[in-house]
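> This is start_23.csv, which holds CSV, C-alpha atoms:
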```csv
chain,number,residue,atom,x,y,z
A,818,MET,CA,45.8,-1.4,29.9
A,819,ALA,CA,43.3,-3.7,31.5
A,820,LYS,CA,40.7,-5.2,29.2
A,821,ARG,CA,37.1,-4.1,29.7
A,822,CYS,CA,34.4,-6.5,31.0
A,823,TYR,CA,32.7,-8.2,28.0
A,824,TYR,CA,29.3,-7.6,29.6
A,825,ASP,CA,30.0,-3.9,30.0
A,826,ILE,CA,31.1,-3.7,26.4
A,827,LEU,CA,27.8,-5.1,25.2
A,828,GLY,CA,25.8,-3.1,27.8
A,829,VAL,CA,24.0,-6.2,29.2
A,830,ALA,CA,23.8,-7.8,32.6
A,831,LYS,CA,25.4,-11.2,33.5
A,832,THR,CA,22.0,-12.7,33.7
A,833,SER,CA,20.9,-11.6,30.2
A,834,SER,CA,19.7,-14.2,27.8
A,835,ASP,CA,21.2,-15.0,24.4
A,836,ALA,CA,18.5,-13.1,22.6
A,837,GLU,CA,19.1,-10.0,24.8
A,838,MET,CA,22.9,-10.2,24.1
A,839,LYS,CA,22.3,-10.6,20.4
A,840,ALA,CA,19.9,-7.6,20.3
A,841,ALA,CA,22.4,-5.4,22.2
A,842,PHE,CA,25.2,-6.5,19.9
A,843,ARG,CA,23.1,-5.7,16.8
A,844,LYS,CA,22.2,-2.2,18.0
A,845,ALA,CA,25.8,-1.3,19.0
A,846,ALA,CA,27.4,-2.8,15.8
A,847,MET,CA,25.0,-0.9,13.6
A,848,GLN,CA,26.2,2.4,15.2
A,849,CYS,CA,30.0,1.8,15.1
A,850,HIS,CA,30.4,-0.3,12.0
A,851,PRO,CA,33.4,0.9,10.0
A,852,ASP,CA,31.3,1.2,6.8
A,853,ARG,CA,29.2,3.8,8.6
A,854,ASN,CA,32.2,5.5,10.2
A,855,PRO,CA,34.9,5.6,7.5
A,856,GLY,CA,38.3,6.8,8.8
A,857,ASN,CA,37.1,6.7,12.5
A,858,ALA,CA,39.8,4.8,14.4
A,859,GLU,CA,37.8,5.0,17.7
A,860,ALA,CA,34.7,3.4,16.0
A,861,GLU,CA,36.9,0.7,14.5
A,862,LEU,CA,38.4,-0.1,17.9
A,863,GLN,CA,35.0,-0.2,19.5
A,864,PHE,CA,33.7,-2.5,16.8
A,865,LYS,CA,36.6,-4.9,17.4
A,866,GLU,CA,35.8,-4.9,21.1
A,867,LEU,CA,32.1,-5.7,20.4
A,868,ASN,CA,33.1,-8.6,18.1
A,869,GLU,CA,35.4,-10.0,20.7
A,870,ALA,CA,32.9,-9.7,23.5
A,871,TYR,CA,30.1,-11.2,21.5
A,872,GLN,CA,32.2,-14.1,20.2
A,873,ALA,CA,33.0,-15.1,23.7
A,874,LEU,CA,29.6,-14.6,25.3
A,875,SER,CA,27.5,-16.1,22.5
A,876,ASP,CA,29.2,-19.5,22.9
A,877,PRO,CA,27.8,-21.3,26.0
A,878,GLN,CA,31.1,-23.0,26.9
A,879,LYS,CA,33.2,-19.8,26.4
A,880,ARG,CA,30.6,-17.8,28.4
A,881,ALA,CA,30.8,-20.3,31.3
A,882,ALA,CA,34.6,-20.2,31.3
A,883,TYR,CA,34.5,-16.4,31.2
A,884,ASP,CA,32.1,-16.2,34.1
A,885,ARG,CA,34.4,-18.4,36.2
A,886,PHE,CA,37.9,-17.2,35.2
A,887,GLY,CA,37.3,-13.8,33.4
A,888,HIS,CA,39.8,-12.9,30.7
A,889,ALA,CA,42.3,-15.5,31.9
A,890,ALA,CA,40.0,-18.2,30.4
A,891,PHE,CA,41.2,-17.1,26.9
A,892,GLU,CA,44.9,-16.5,27.6
A,893,HIS,CA,47.6,-18.9,26.2
A,894,GLY,CA,45.5,-19.7,23.1
A,895,ASN,CA,42.6,-21.2,25.0
A,896,GLY,CA,39.9,-20.9,22.4
A,897,PHE,CA,39.8,-17.3,21.1
A,898,ALA,CA,42.1,-17.3,18.1
A,899,GLY,CA,40.8,-15.3,15.1
A,900,GLY,CA,40.8,-18.3,12.7
A,901,ASP,CA,38.4,-19.6,10.1
A,902,GLY,CA,35.8,-20.4,12.8
A,903,PHE,CA,35.8,-16.8,14.0
A,904,ALA,CA,35.5,-15.5,10.4
A,905,SER,CA,32.6,-17.9,9.6
A,906,SER,CA,30.8,-17.0,12.9
A,907,MET,CA,31.1,-13.2,12.3
A,908,ALA,CA,30.1,-13.6,8.7
A,909,ASP,CA,26.8,-15.2,9.8
A,910,ILE,CA,26.3,-12.4,12.3
A,911,PHE,CA,26.9,-9.7,9.6
A,912,ASP,CA,24.6,-11.6,7.3
A,913,ASP,CA,21.9,-11.4,9.9
A,914,LEU,CA,22.6,-7.7,10.6
A,915,PHE,CA,23.0,-6.3,7.1
A,916,GLY,CA,21.3,-8.9,4.8
A,917,ASP,CA,18.1,-6.9,4.6
A,918,MET,CA,19.9,-3.7,4.0
A,919,MET,CA,21.5,-5.3,0.9
A,920,GLY,CA,18.1,-6.3,-0.4
A,921,ARG,CA,18.8,-10.1,-0.5
A,922,ARG,CA,15.7,-12.2,-0.6
A,923,GLY,CA,17.2,-15.6,-1.4
A,924,GLY,CA,18.5,-18.3,0.9
A,925,ARG,CA,22.0,-19.8,1.0
A,926,ASN,CA,21.1,-22.4,-1.6
A,927,GLY,CA,20.1,-19.9,-4.2
A,928,ALA,CA,16.3,-20.3,-3.6
A,929,ALA,CA,14.4,-17.0,-4.0
A,930,ARG,CA,10.8,-16.0,-3.6
A,931,GLY,CA,8.9,-15.3,-6.8
A,932,SER,CA,7.9,-11.7,-7.7
A,933,ASP,CA,4.6,-10.3,-6.8
A,934,LEU,CA,2.2,-9.4,-9.6
A,935,ARG,CA,-0.3,-6.6,-10.0
A,936,TYR,CA,-3.6,-6.8,-12.0
A,937,ASN,CA,-5.9,-3.8,-12.6
A,938,LEU,CA,-9.6,-4.9,-12.7
A,939,GLU,CA,-12.2,-2.4,-13.9
A,940,ILE,CA,-15.8,-3.0,-13.0
A,941,THR,CA,-19.1,-1.2,-13.3
A,942,LEU,CA,-20.9,0.5,-10.5
A,943,GLU,CA,-23.7,-2.1,-10.6
A,944,GLU,CA,-21.0,-4.9,-10.2
A,945,ALA,CA,-19.6,-3.0,-7.3
A,946,PHE,CA,-23.1,-2.9,-5.8
A,947,HIS,CA,-23.9,-6.6,-6.3
A,948,GLY,CA,-20.4,-8.1,-6.2
A,949,LYS,CA,-19.1,-10.5,-8.9
A,950,THR,CA,-16.9,-13.4,-9.6
A,951,ALA,CA,-14.3,-12.3,-12.1
A,952,SER,CA,-12.3,-14.6,-14.3
A,953,LEU,CA,-8.8,-13.3,-14.9
A,954,THR,CA,-6.3,-14.5,-17.6
A,955,LEU,CA,-2.8,-13.2,-17.1
A,956,PRO,CA,0.7,-14.3,-18.2
A,957,THR,CA,3.0,-15.4,-15.4
A,958,SER,CA,6.1,-17.5,-14.7
A,959,VAL,CA,5.3,-20.9,-13.4
A,960,THR,CA,7.4,-23.9,-12.4
A,961,CYS,CA,8.6,-25.9,-15.5
A,962,ASP,CA,6.8,-29.2,-15.5
A,963,ALA,CA,9.5,-30.9,-17.6
A,964,CYS,CA,12.2,-30.4,-15.1
A,965,SER,CA,10.1,-29.8,-12.0
A,966,GLY,CA,11.9,-26.5,-11.5
A,967,SER,CA,15.5,-27.8,-11.4
A,968,GLY,CA,16.4,-26.3,-14.8
A,969,ALA,CA,18.2,-29.6,-15.8
A,970,LYS,CA,17.2,-31.8,-18.7
A,971,PRO,CA,15.0,-34.8,-17.6
A,972,GLY,CA,17.2,-37.6,-16.4
A,973,ALA,CA,20.1,-35.2,-15.7
A,974,ARG,CA,20.9,-33.4,-12.4
A,975,PRO,CA,22.6,-30.1,-11.6
A,976,ARG,CA,26.0,-30.5,-10.0
A,977,MET,CA,27.2,-28.6,-7.0
A,978,CYS,CA,29.2,-25.5,-7.8
A,979,SER,CA,32.8,-26.1,-7.0
A,980,THR,CA,33.6,-22.5,-6.5
A,981,CYS,CA,31.1,-21.8,-3.7
A,982,GLY,CA,30.6,-25.3,-2.5
A,983,GLY,CA,26.8,-25.0,-3.2
A,984,HIS,CA,26.3,-22.0,-1.0
A,985,GLY,CA,25.7,-19.5,-3.8
A,986,ARG,CA,28.1,-17.1,-2.2
A,987,VAL,CA,31.9,-16.9,-1.8
A,988,ARG,CA,33.8,-15.5,1.1
A,989,ALA,CA,37.1,-13.6,1.1
A,990,GLN,CA,39.1,-12.6,4.1
A,991,GLN,CA,40.3,-8.9,4.0
A,992,GLY,CA,42.2,-8.1,7.1
A,993,PHE,CA,39.8,-8.3,10.0
A,994,PHE,CA,36.7,-8.6,7.9
A,995,ALA,CA,35.2,-11.6,6.0
A,996,ILE,CA,33.6,-10.2,2.9
A,997,GLU,CA,30.9,-12.3,1.2
A,998,ARG,CA,29.5,-11.8,-2.3
A,999,THR,CA,27.4,-13.7,-4.9
A,1000,CYS,CA,29.3,-16.5,-6.5
A,1001,PRO,CA,30.4,-15.3,-10.0
A,1002,HIS,CA,30.4,-18.9,-11.4
A,1003,CYS,CA,26.9,-20.1,-10.6
A,1004,HIS,CA,25.4,-16.6,-10.0
A,1005,GLY,CA,24.0,-17.4,-6.6
A,1006,ARG,CA,22.3,-20.7,-7.5
A,1007,GLY,CA,24.8,-23.0,-5.8
A,1008,GLU,CA,24.5,-25.4,-8.8
A,1009,ILE,CA,25.9,-25.7,-12.3
A,1010,ILE,CA,23.5,-27.0,-15.0
A,1011,ASP,CA,25.6,-28.8,-17.7
A,1012,ASP,CA,22.6,-30.1,-19.6
A,1013,PRO,CA,19.8,-27.5,-19.4
A,1014,CYS,CA,16.1,-28.3,-19.9
A,1015,HIS,CA,14.9,-27.7,-23.4
A,1016,SER,CA,11.5,-26.4,-22.2
A,1017,CYS,CA,12.8,-23.6,-19.9
A,1018,GLY,CA,16.4,-23.2,-21.1
A,1019,GLY,CA,17.7,-23.9,-17.6
A,1020,ALA,CA,15.6,-21.2,-15.8
A,1021,GLY,CA,13.4,-23.7,-14.1
A,1022,ARG,CA,10.4,-21.5,-15.0
A,1023,VAL,CA,8.3,-20.9,-18.1
A,1024,THR,CA,5.8,-18.2,-18.9
A,1025,ARG,CA,2.2,-19.3,-19.4
A,1026,ASP,CA,-1.3,-17.8,-19.4
A,1027,ARG,CA,-3.2,-18.7,-16.3
A,1028,THR,CA,-6.9,-18.3,-15.6
A,1029,LEU,CA,-7.9,-17.4,-12.1
A,1030,SER,CA,-11.2,-16.8,-10.5
A,1031,VAL,CA,-11.5,-13.9,-8.0
A,1032,ASN,CA,-14.4,-13.0,-5.8
A,1033,VAL,CA,-15.2,-9.2,-5.8
A,1034,PRO,CA,-17.3,-8.5,-2.7
A,1035,PRO,CA,-20.2,-6.0,-2.7
A,1036,GLY,CA,-19.3,-2.5,-1.7
A,1037,VAL,CA,-15.7,-2.4,-3.2
A,1038,GLU,CA,-14.4,1.1,-3.9
A,1039,ASP,CA,-11.8,2.6,-6.2
A,1040,GLY,CA,-8.4,1.4,-5.1
A,1041,THR,CA,-9.6,-1.6,-3.1
A,1042,ARG,CA,-6.8,-4.2,-3.1
A,1043,ILE,CA,-7.4,-7.9,-3.2
A,1044,ARG,CA,-4.5,-10.2,-2.4
A,1045,LEU,CA,-4.3,-13.8,-3.7
A,1046,GLY,CA,-1.5,-15.4,-1.8
A,1047,GLY,CA,0.9,-17.7,-3.7
A,1048,GLU,CA,-0.6,-16.7,-7.1
A,1049,GLY,CA,2.3,-14.6,-8.2
A,1050,GLU,CA,5.4,-15.7,-10.1
A,1051,ALA,CA,7.0,-19.0,-9.3
A,1052,GLY,CA,10.0,-19.0,-7.0
A,1053,VAL,CA,13.6,-19.7,-8.2
A,1054,LYS,CA,15.1,-23.1,-7.3
A,1055,GLY,CA,12.2,-24.2,-5.1
A,1056,GLY,CA,11.6,-20.8,-3.5
A,1057,PRO,CA,8.0,-19.9,-2.6
A,1058,PRO,CA,5.9,-18.1,-5.2
A,1059,GLY,CA,5.0,-14.5,-4.9
A,1060,ASP,CA,1.5,-13.0,-4.4
A,1061,LEU,CA,-1.0,-11.5,-6.9
A,1062,TYR,CA,-2.5,-8.1,-6.0
A,1063,ILE,CA,-5.7,-7.1,-7.7
A,1064,PHE,CA,-6.5,-3.4,-7.7
A,1065,VAL,CA,-10.2,-2.6,-8.4
A,1066,SER,CA,-11.4,0.5,-10.1
A,1067,THR,CA,-14.9,1.5,-11.0
A,1068,LYS,CA,-16.1,2.8,-14.4
A,1069,PRO,CA,-17.8,6.2,-14.4
A,1070,HIS,CA,-21.6,5.9,-14.3
A,1071,PRO,CA,-23.8,7.9,-16.6
A,1072,PHE,CA,-26.3,8.9,-13.9
A,1073,PHE,CA,-24.8,8.3,-10.4
A,1074,GLN,CA,-21.8,9.8,-8.7
A,1075,ARG,CA,-20.4,7.9,-5.7
A,1076,ASP,CA,-19.1,9.3,-2.4
A,1077,GLY,CA,-18.2,6.5,-0.1
A,1078,ALA,CA,-21.5,4.5,0.4
A,1079,ASP,CA,-23.7,7.4,-0.8
A,1080,LEU,CA,-24.9,8.0,-4.3
A,1081,TYR,CA,-25.8,11.3,-5.9
A,1082,CYS,CA,-28.0,11.9,-9.0
A,1083,ARG,CA,-29.1,15.1,-10.7
A,1084,VAL,CA,-32.6,15.1,-11.9
A,1085,PRO,CA,-33.9,17.9,-14.2
A,1086,ILE,CA,-37.5,19.0,-13.5
A,1087,SER,CA,-39.6,21.5,-15.5
A,1088,MET,CA,-40.3,25.0,-14.3
A,1089,VAL,CA,-44.0,24.1,-13.9
A,1090,GLN,CA,-43.1,21.0,-11.8
A,1091,ALA,CA,-40.9,23.1,-9.6
A,1092,THR,CA,-43.6,25.8,-9.2
A,1093,LEU,CA,-46.7,23.6,-8.7
A,1094,GLY,CA,-45.1,20.5,-7.3
A,1095,GLY,CA,-45.4,17.0,-8.6
A,1096,GLU,CA,-43.8,13.6,-8.6
A,1097,VAL,CA,-40.9,12.1,-10.5
A,1098,GLY,CA,-39.8,8.5,-10.9
A,1099,VAL,CA,-36.1,7.7,-10.4
A,1100,HIS,CA,-34.3,4.4,-11.0
A,1101,THR,CA,-32.1,3.2,-8.2
A,1102,ILE,CA,-28.8,1.3,-8.4
A,1103,ASP,CA,-30.4,-2.0,-7.3
A,1104,GLY,CA,-32.6,-2.0,-10.4
A,1105,GLY,CA,-35.8,-0.7,-8.8
A,1106,GLU,CA,-37.6,2.6,-9.1
A,1107,ALA,CA,-38.5,5.1,-6.4
A,1108,LYS,CA,-41.0,8.0,-6.5
A,1109,VAL,CA,-39.7,11.4,-5.4
A,1110,LYS,CA,-42.3,13.9,-4.3
A,1111,ILE,CA,-41.4,17.5,-5.5
A,1112,PRO,CA,-43.0,20.0,-3.2
A,1113,GLU,CA,-44.5,23.3,-4.5
A,1114,GLY,CA,-42.0,26.1,-5.0
A,1115,THR,CA,-38.9,23.8,-5.2
A,1116,GLN,CA,-35.7,25.7,-6.0
A,1117,SER,CA,-32.9,24.4,-8.2
A,1118,GLY,CA,-30.3,22.5,-6.2
A,1119,ARG,CA,-32.6,21.2,-3.5
A,1120,GLN,CA,-31.8,17.7,-2.4
A,1121,PHE,CA,-34.1,14.8,-1.5
A,1122,LYS,CA,-32.7,11.7,0.4
A,1123,LEU,CA,-33.8,8.2,-0.4
A,1124,ARG,CA,-32.6,6.3,2.7
A,1125,GLY,CA,-30.9,2.9,2.1
A,1126,LYS,CA,-30.8,3.3,-1.7
A,1127,GLY,CA,-27.1,3.8,-1.9
A,1128,MET,CA,-24.1,1.4,-2.0
A,1129,PRO,CA,-23.4,-1.4,0.6
A,1130,VAL,CA,-20.6,-0.8,3.0
A,1131,LEU,CA,-17.8,-3.3,2.3
A,1132,ARG,CA,-18.0,-6.3,4.7
A,1133,SER,CA,-20.9,-4.7,6.6
A,1134,ARG,CA,-24.7,-4.8,6.7
A,1135,GLU,CA,-24.9,-1.0,6.4
A,1136,VAL,CA,-26.1,0.6,3.2
A,1137,GLY,CA,-25.7,4.2,2.1
A,1138,ASP,CA,-28.3,6.7,0.9
A,1139,LEU,CA,-29.3,8.1,-2.5
A,1140,TYR,CA,-29.4,11.9,-2.8
A,1141,ILE,CA,-31.6,13.3,-5.6
A,1142,GLN,CA,-30.7,16.9,-6.6
A,1143,ALA,CA,-33.4,18.8,-8.4
A,1144,THR,CA,-32.3,21.0,-11.3
A,1145,VAL,CA,-35.0,23.4,-12.5
A,1146,GLU,CA,-34.8,23.5,-16.3
A,1147,THR,CA,-35.4,26.9,-18.0
A,1148,PRO,CA,-37.8,26.5,-21.0
A,1149,GLN,CA,-36.3,26.8,-24.5
A,1150,ASN,CA,-37.6,27.1,-28.1
A,1151,LEU,CA,-40.9,28.7,-27.0
A,1152,THR,CA,-43.8,29.3,-29.3
A,1153,LYS,CA,-45.4,32.7,-29.7
A,1154,ARG,CA,-48.3,31.7,-27.5
A,1155,GLN,CA,-46.0,30.4,-24.8
A,1156,ARG,CA,-44.1,33.7,-24.8
A,1157,GLU,CA,-47.4,35.6,-24.5
A,1158,LEU,CA,-48.4,33.5,-21.5
A,1159,LEU,CA,-45.1,34.0,-19.8
A,1160,ALA,CA,-45.1,37.8,-20.4
A,1161,GLU,CA,-48.7,37.9,-19.0
A,1162,PHE,CA,-47.5,35.9,-16.0
A,1163,GLU,CA,-44.6,38.3,-15.5
A,1164,ALA,CA,-46.9,41.2,-15.6
A,1165,LEU,CA,-49.0,39.7,-12.9
A,1166,SER,CA,-46.0,38.7,-10.7
A,1167,SER,CA,-45.0,40.6,-7.6
A,1168,THR,CA,-42.6,40.3,-4.7
A,1169,LYS,CA,-44.8,37.5,-3.3
A,1170,THR,CA,-44.3,35.3,-6.3
A,1171,HIS,CA,-40.5,36.0,-6.4
A,1172,PRO,CA,-39.5,36.6,-2.8
A,1173,GLU,CA,-35.9,35.6,-3.1
A,1174,SER,CA,-35.0,37.8,-6.1
A,1175,ALA,CA,-37.0,40.7,-4.7
A,1176,GLY,CA,-35.2,40.4,-1.4
A,1177,PHE,CA,-31.8,40.0,-3.0
A,1178,PHE,CA,-32.1,43.2,-5.1
A,1179,ALA,CA,-33.5,45.2,-2.2
A,1180,LYS,CA,-30.6,44.2,0.0
A,1181,MET,CA,-28.1,45.0,-2.7
A,1182,LYS,CA,-29.6,48.4,-3.3
A,1183,ASP,CA,-29.4,49.2,0.4
A,1184,PHE,CA,-25.8,47.9,0.7
A,1185,PHE,CA,-24.5,50.0,-2.2
A,1186,ARG,CA,-26.6,53.1,-1.4
A,1187,LYS,CA,-24.3,56.3,-1.4
A,1188,PRO,CA,-23.6,57.2,2.3
A,1189,HIS,CA,-24.3,60.7,3.7
A,1190,GLN,CA,-21.5,63.2,3.5
A,1191,PRO,CA,-19.8,63.7,6.9
A,1192,VAL,CA,-20.4,67.0,8.7
A,1193,ALA,CA,-17.4,69.1,9.5
A,1194,GLU,CA,-16.8,69.8,13.2
A,1195,ASP,CA,-15.3,72.9,14.8
A,1196,LEU,CA,-11.8,72.4,16.2
```
Can the structure from this file be put into structure tokens for me?


Amino acid sequence: MAKRCYYDILGVAKTSSDAEMKAAFRKAAMQCHPDRNPGNAEAELQFKELNEAYQALSDPQKRAAYDRFGHAAFEHGNGFAGGDGFASSMADIFDDLFGDMMGRRGGRNGAARGSDLRYNLEITLEEAFHGKTASLTLPTSVTCDACSGSGAKPGARPRMCSTCGGHGRVRAQQGFFAIERTCPHCHGRGEIIDDPCHSCGGAGRVTRDRTLSVNVPPGVEDGTRIRLGGEGEAGVKGGPPGDLYIFVSTKPHPFFQRDGADLYCRVPISMVQATLGGEVGVHTIDGGEAKVKIPEGTQSGRQFKLRGKGMPVLRSREVGDLYIQATVETPQNLTKRQRELLAEFEALSSTKTHPESAGFFAKMKDFFRKPHQPVAEDL
């Protein structure tokens, strides 16, 4: 059976670039990889063809020879034996393909990025309005000063792991595949510490309290996330540090409720103020005081807007509004004379003084009035 064209196997043109061939190989290999198709002989054969085609075309010299002579360029042992070079090349390809799937974050020398940290910062509504500079003290892993992160005692040096040759991973050939795993001797570090540092016990990191200053901008809301790059835990074996994420929450306010950039405040007014009208003074979030005019006949629940007296919009010049909701308070603990006056007022009241209640009960009475009995018709 004649062998298929390597370009056709990869699904690329002869003029395709190395990056295009690699992308095509990655896509096809992910679909027919034996681990995803257990017991599928056809997928295994296709995977072998893909490997053979990519091994030939990814090497500039082999590709040039294949373009000139076709499959004859590799006959009689001319450069395509499946030896250690092939296994090493394919292991690198699989590492690129499936490394992220296995969750590996470190490099070949055992270096790994430090963990990200989270800090919950609670502030007041006034601090969210004005903004603030917060000082945070948190325990975190930092690079050991005594050994500079090497994990070895000062004056001593780690030695290269003889099992993995300093790579941190060992490779085993199992039939067609080269299987790679973390070195069991050095646990992925690539080095052996015979004389560990007394300060960190060979870890290369120690836990200390750090004090950081973070700027909280005006207008932050609940759940706002502030990222401090490189302020997380120290990396392992020279790896980069992680990040610190600060999640901001706002304490409940005794008077104001927040909705985005707008503030709401319930203000109780007396029955007389609501009836005759008047003026009330209300404090605002910026520390000032505003006068709210209550018109005659104000009903409970009516809102009044104070424009520009709300919260600032984050990273913007816009400012929200303050909404004052009037709540008419019913008098309590009346004296005898007060009761007499209210009874006299009620006796003098009419539908004109209570139009809403009078209209409501009139409509209700009309709605539930007993309907007329239907008249029987002759058939």

> Give me the residues within 6 Å of Leu1139 in chain A as a list in words, counting all atoms listed in the file and dropping any in the same chain fewer than 4 places off.

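Residues near the query, excluding close chain neighbours: Asp1079, Leu1080, Tyr1081, Lys1122, Leu1123, Lys1126 and Gly1127 of chain A.
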
> What is the CA of Ala1020 in chain A to CA of Pro971 in chain A distance in Å?

13.7 Å

> Which is closer to Thr954 in chain A than all the others in A:Ser875, A:Asn937, A:Ser932, A:Asn1150, using only C-alpha atoms?

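Closest to Thr954 in chain A, using only C-alpha atoms: A:Asn937.
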
> Go ahead and compute the interatomic distance for CA of Gly1021 in chain A and CA of Gly1056 in chain A, in Å to one decimal.

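Answer for the CA of Gly1021 in chain A to CA of Gly1056 in chain A separation: 11.1 Å.
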
> Can you tell me how far CA of Lys844 in chain A sits from CA of Tyr824 in chain A, in Å to one decimal?

14.6 Å

> Given the choices A:Ile1141, A:Cys978, A:Met847, A:Ile1063, which gets closest to Val1099 in chain A if the distance is worked out from only C-alpha atoms?

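Checking each candidate against Val1099 in chain A, we get A:Ile1141 as the closest.
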
> Show which residues sit within 9 Å of Pro1129 in chain A, as a VMD selection string. Count all atoms listed in the file, and ignore same-chain residues fewer than 2 positions away.

chain A and resid 945 to 947 1035 to 1037 1078 to 1079 1125 1127 1131 to 1137

> Could you please give me, as an MDAnalysis selection string, the residues of protein, DNA or RNA lying at most 12 Å from (28.8, -19.3, -12.2) in the coordinate frame of the file, considering all atoms listed in the file?

chainID A and resid 927 976:987 999:1011

> Would you list the contacts of Lys949 in chain A as a list in words, taking every protein, DNA or RNA residue within 12 Å and counting all atoms listed in the file, but skipping same-chain residues closer than 6 positions in sequence?

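Everything that qualifies: Leu938, Glu939, Ile940, Thr941, Leu942, Glu943, Ser1030, Val1031, Asn1032, Val1033, Pro1034, Pro1035, Gly1036, Val1037 and Val1065 of chain A.
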